[in-house]
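Before any comments, here is the structure.
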Amino acid sequence: MYSIVRPLLFQLNPELAHSLGFLAARVAPVKVTSSVFRYSNSVLDQYLWGIDFTNPIGLAAGLDKNGSAVPFWASLGFGFIEVGSISAQPWPGNPKPRLFRLPADKAVINRMGLNNLGAERVAARLGKLAKGLPPLGINIVKTPDPEIEKEAAIDDFRRSFRTLVRLANYITLNVSCPNTKEGKTFEDPFALDELLKAITEERAETVRNIPILVKLSPPMFERLELDSQIDEIVSVALDRGVDGFIAGNTSTHRDGLNTPTDTLQRIGAGGLSGQPLRDRSTRLIRYLHERSEGAIPIIGVGGIATADDAYAKILAGASLLQLYTSLIYEGPGVVKKIKSGLAQLLLKDGFQNIKQAVGAQYHLPVAGRRKEAERVIALSA
């Protein structure tokens with residue numbers, strides 16, 4: 001069905017198509033979509049951070065910024081849903097056009113500019129959700145006002161955390177977007193340390209020991225152990241006791257794309273997502289898993305469109321996964337397709353549960369290793 005609809009959608013402006021898709025999602029009969037996209041297999045069940053995940057496939061932040069279609073995402077079979085990024089104050093984002101498709105690369109470039117309704121309005125909406133939905137992650141970010149700097153930036157984060165914490169199963173700190181007029185981000189190790197100190201203090205004042213995750217940028221280099229900044233970032237996060245990492249965010253780099261250079265120049269600035277980030281995010285997952293000695297759960301995101309893509313990230317060290325761009329190119333059926341294929345791959349390789357496969361890429365016999373995993377291992381070596 002989506003193969004018929006997609007050519008029509010791709011004739012529209014990407015943001016208009018996005019808006020129409022959201023309108024359809026908000027009015028869709030969730031009982032019907034649930035019956036169409038239903039798939040479960042106990043091999044995919046996990047218990048992390050005190051949360052039961054019936055499957056590891058989640059919706060990535062950025063698609064549903066304001067939590068306006070959570071029941072619909074649940075009906076597609078997602079094992080968890082992350083909304084946001086949400087800032088303390090409402091923000092309109094950047095001028096249009098700000099969303100672009102790269103069909104030759106199965107990728108998207110966006111410079112939406114963190115448009116969202118603000119923490120209070122989103123909290124009011126999320127507070128009305130029915131019980132029984134999949135686990136909900138809430139992604140928070142500093143309000144992108146360049147006038148908010150230094151201590152005020154941390155206070156801005158704290159305000160969002162305080163407003164939304166009661167509604168979330170976990171909170172993600174989006175530290176890999178520009179946060180000041182100088183273009184700095186909270187991925188600066190010193191700034192990140194101050195932020196994590198403030199947020200963990202804020203958490204201590206609540207009645208819930210909610211998991212705090214940090215979302216990182218995809219790596220620029222092949223060998224991450226040579227990147228001193230990412231090593232410092234991870235050290236700070238581990239020292240401050242973060243509960244998990246998300247690997248990773250969109251990228252500003254354009255190397256190796258099939259899209260013509262003149263097209264990319266016309267598009268201009270923005271964050272790249274989709275297939276071109278697949279291997280880079282997997283390398284980051286592998287690095288984080290080894291660096292944390294497998295003690296910190298990782299959510300892998302970037303270029304997941306098939307069960308093999310998902311399995312490679314699991315073997316590299318991801319416990320959970322997230323999709324965004326593949327929904328645009330493959331349609332809503334991609335969630336069920338990946339879950340079903342991933343369960344088959346796990347069982348074929350002798351895993352009784354997905355947790356046994358997390359980070360197992362060097363322990364799995366070569367005869368049973370999936371081709372995609374072998375390719376990623378060779379690339380990461």
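Scheme for the structure tokens: letters A, B, ... for chains in order shown; per-chain residue numbers from 1; ligand numbers from 1 in order shown.
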
Residues within 7 Å of range 38-43 of chain A, please, as a PDB file with N, CA and C atoms, in the first residue's frame. Count only C-alpha atoms; anything in the same chain fewer than 4 positions from it doesn't count.
```pdb
ATOM      1  N   SER A  34      -3.421  -1.347  14.589  1.00  0.00           N
ATOM      2  CA  SER A  34      -2.828  -2.323  15.509  1.00  0.00           C
ATOM      3  C   SER A  34      -2.975  -3.737  14.985  1.00  0.00           C
ATOM      4  N   GLY A  77       3.317  -0.743  16.311  1.00  0.00           N
ATOM      5  CA  GLY A  77       4.099  -1.818  16.896  1.00  0.00           C
ATOM      6  C   GLY A  77       5.426  -1.397  17.490  1.00  0.00           C
ATOM      7  N   LYS A 336       7.154  -3.661  11.661  1.00  0.00           N
ATOM      8  CA  LYS A 336       6.847  -5.092  11.749  1.00  0.00           C
ATOM      9  C   LYS A 336       7.875  -5.920  10.990  1.00  0.00           C
ATOM     10  N   ALA A 343      13.893 -11.157  14.917  1.00  0.00           N
ATOM     11  CA  ALA A 343      13.602 -12.357  15.714  1.00  0.00           C
ATOM     12  C   ALA A 343      14.131 -13.603  15.014  1.00  0.00           C
ATOM     13  N   GLN A 352      18.439 -17.138  22.665  1.00  0.00           N
ATOM     14  CA  GLN A 352      17.096 -17.334  23.205  1.00  0.00           C
ATOM     15  C   GLN A 352      16.434 -16.022  23.581  1.00  0.00           C
ATOM     16  N   ASN A 353      17.243 -14.979  23.752  1.00  0.00           N
ATOM     17  CA  ASN A 353      16.733 -13.659  24.066  1.00  0.00           C
ATOM     18  C   ASN A 353      17.685 -12.610  23.496  1.00  0.00           C
ATOM     19  N   ILE A 354      17.141 -11.470  23.123  1.00  0.00           N
ATOM     20  CA  ILE A 354      17.943 -10.423  22.501  1.00  0.00           C
ATOM     21  C   ILE A 354      19.085  -9.954  23.398  1.00  0.00           C
TER      22      ILE A 354
END
```

inquiry  = So that I can check the secondary structure, give me every residue of range 83-304 of chain A assigned strand (DSSP E or B) by backbone DSSP, as a ChimeraX atom specification.
reply    = /A:83-86,91,99-102,107-110,116,136-140,170-174,212-216,244-247,251,271-274,298-301

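Reported to one decimal place, the separation of CA of Val214 in chain A from CA of Asp255 in chain A is 25.6 Å.
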
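Here the question is which of A:Glu15, A:Asp243, A:Asp156, A:Asp45 gets nearest to Phe100 in chain A using only C-alpha atoms, and that residue is A:Glu15.
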
query = Could you work out how far CA of Thr252 in chain A lies from CA of Leu9 in chain A, giving the answer in Å with one decimal?
reply =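 Computing it gives 25.6 Å between the two atoms.
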
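Non-sequential neighbours of Glu330 in chain A (distance at most 10 Å, separation of 2 or more positions within a chain, only C-alpha atoms) are Tyr2, Ser3, Arg6, Lys106, Ala305, Thr306, Thr325, Ser326, Leu327, Ile328, Pro332, Gly333, Val334 and Val335 of chain A.
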
key: Distance in Å - CA of Pro14 in chain A versus CA of Ile304 in chain A   =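 If I compute the distance from CA of Pro14 in chain A to CA of Ile304 in chain A, I get 20.4 Å.
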
message = With only C-alpha atoms as the counted atoms, please give the residues lying no more than 12 Å from Arg121 in chain A, apart from itself and same-chain residues fewer than 2 positions off, as a list in words.
response =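 Residues near the query, excluding close chain neighbours: Lys65, Asn66, Gly67, Ser68, Ile86, Ser87, Ala88, Gln89, Pro90, Trp91, Asn116, Leu117, Gly118, Ala119, Ala123, Ala124, Arg125, Leu126, Gly127, Lys128, Ser160, Thr163 and Leu164 of chain A.
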
Keeping only C-alpha atoms, take the residues you just selected and write them out as a tab-separated table (two decimals), in the first residue's frame.
```
chain	number	residue	atom	x	y	z
A	65	LYS	CA	8.24	16.77	18.51
A	66	ASN	CA	5.13	17.60	20.52
A	67	GLY	CA	3.78	14.15	21.34
A	68	SER	CA	0.74	14.65	19.15
A	86	ILE	CA	11.23	19.82	23.77
A	87	SER	CA	12.51	23.08	25.22
A	88	ALA	CA	11.40	25.02	28.26
A	89	GLN	CA	10.03	27.82	26.11
A	90	PRO	CA	8.06	27.44	22.85
A	91	TRP	CA	10.20	27.89	19.75
A	116	ASN	CA	8.23	22.80	19.48
A	117	LEU	CA	5.34	23.99	21.65
A	118	GLY	CA	7.35	24.22	24.86
A	119	ALA	CA	7.50	21.98	27.92
A	123	ALA	CA	3.24	18.16	29.34
A	124	ALA	CA	-0.45	19.04	29.31
A	125	ARG	CA	-0.93	16.94	26.17
A	126	LEU	CA	1.07	13.96	27.42
A	127	GLY	CA	-0.79	14.04	30.72
A	128	LYS	CA	-3.99	13.14	28.87
A	160	SER	CA	12.07	21.31	31.14
A	163	THR	CA	8.00	19.97	34.01
A	164	LEU	CA	8.20	16.68	32.10
```

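You can rank A:Gly270, A:Phe351, A:Arg101, A:Val122 by their closest distance to Gln11 in chain A using only C-alpha atoms, and at the top of that list sits A:Arg101.
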
Residues within 12 Å of Glu194 in chain A, only C-alpha atoms, excluding chain neighbours under 4 positions, as a compact mmCIF listing (two decimals) with C-alpha atoms, in the first residue's frame:
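And here's around-v3.txt as it stands now:
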```txt
# COMPACT_ATOMS: atom_id res chain seq x y z
CA LYS A 150 25.83 29.97 30.63
CA GLU A 151 23.92 29.45 33.89
CA ALA A 153 21.05 27.60 29.72
CA ILE A 154 21.36 25.02 32.50
CA ASP A 155 18.37 26.53 34.32
CA PHE A 157 17.24 22.50 30.89
CA ARG A 158 16.27 22.07 34.55
CA PHE A 186 26.81 20.80 25.63
CA GLU A 187 29.08 18.20 24.06
CA ASP A 188 31.91 20.36 25.33
CA PRO A 189 33.14 18.19 28.25
CA PHE A 190 33.15 20.98 30.83
CA ALA A 198 22.50 20.08 37.61
CA ILE A 199 20.13 17.48 36.11
CA THR A 200 21.14 14.73 38.54
CA GLU A 201 20.58 17.18 41.40
CA ILE A 233 32.57 13.34 26.80
CA VAL A 236 32.24 12.84 32.00
CA ALA A 237 28.95 11.05 31.35
CA ARG A 240 28.21 11.52 36.45
```

message = Please return, as a PyMOL selection string, all residues of range 97-305 of chain A that DSSP assigns to helix (DSSP H, G or I) on the basis of the backbone.
response = chain A and resi 103-105+119-126+151-167+189-204+224-226+228-239+261-267+275-291
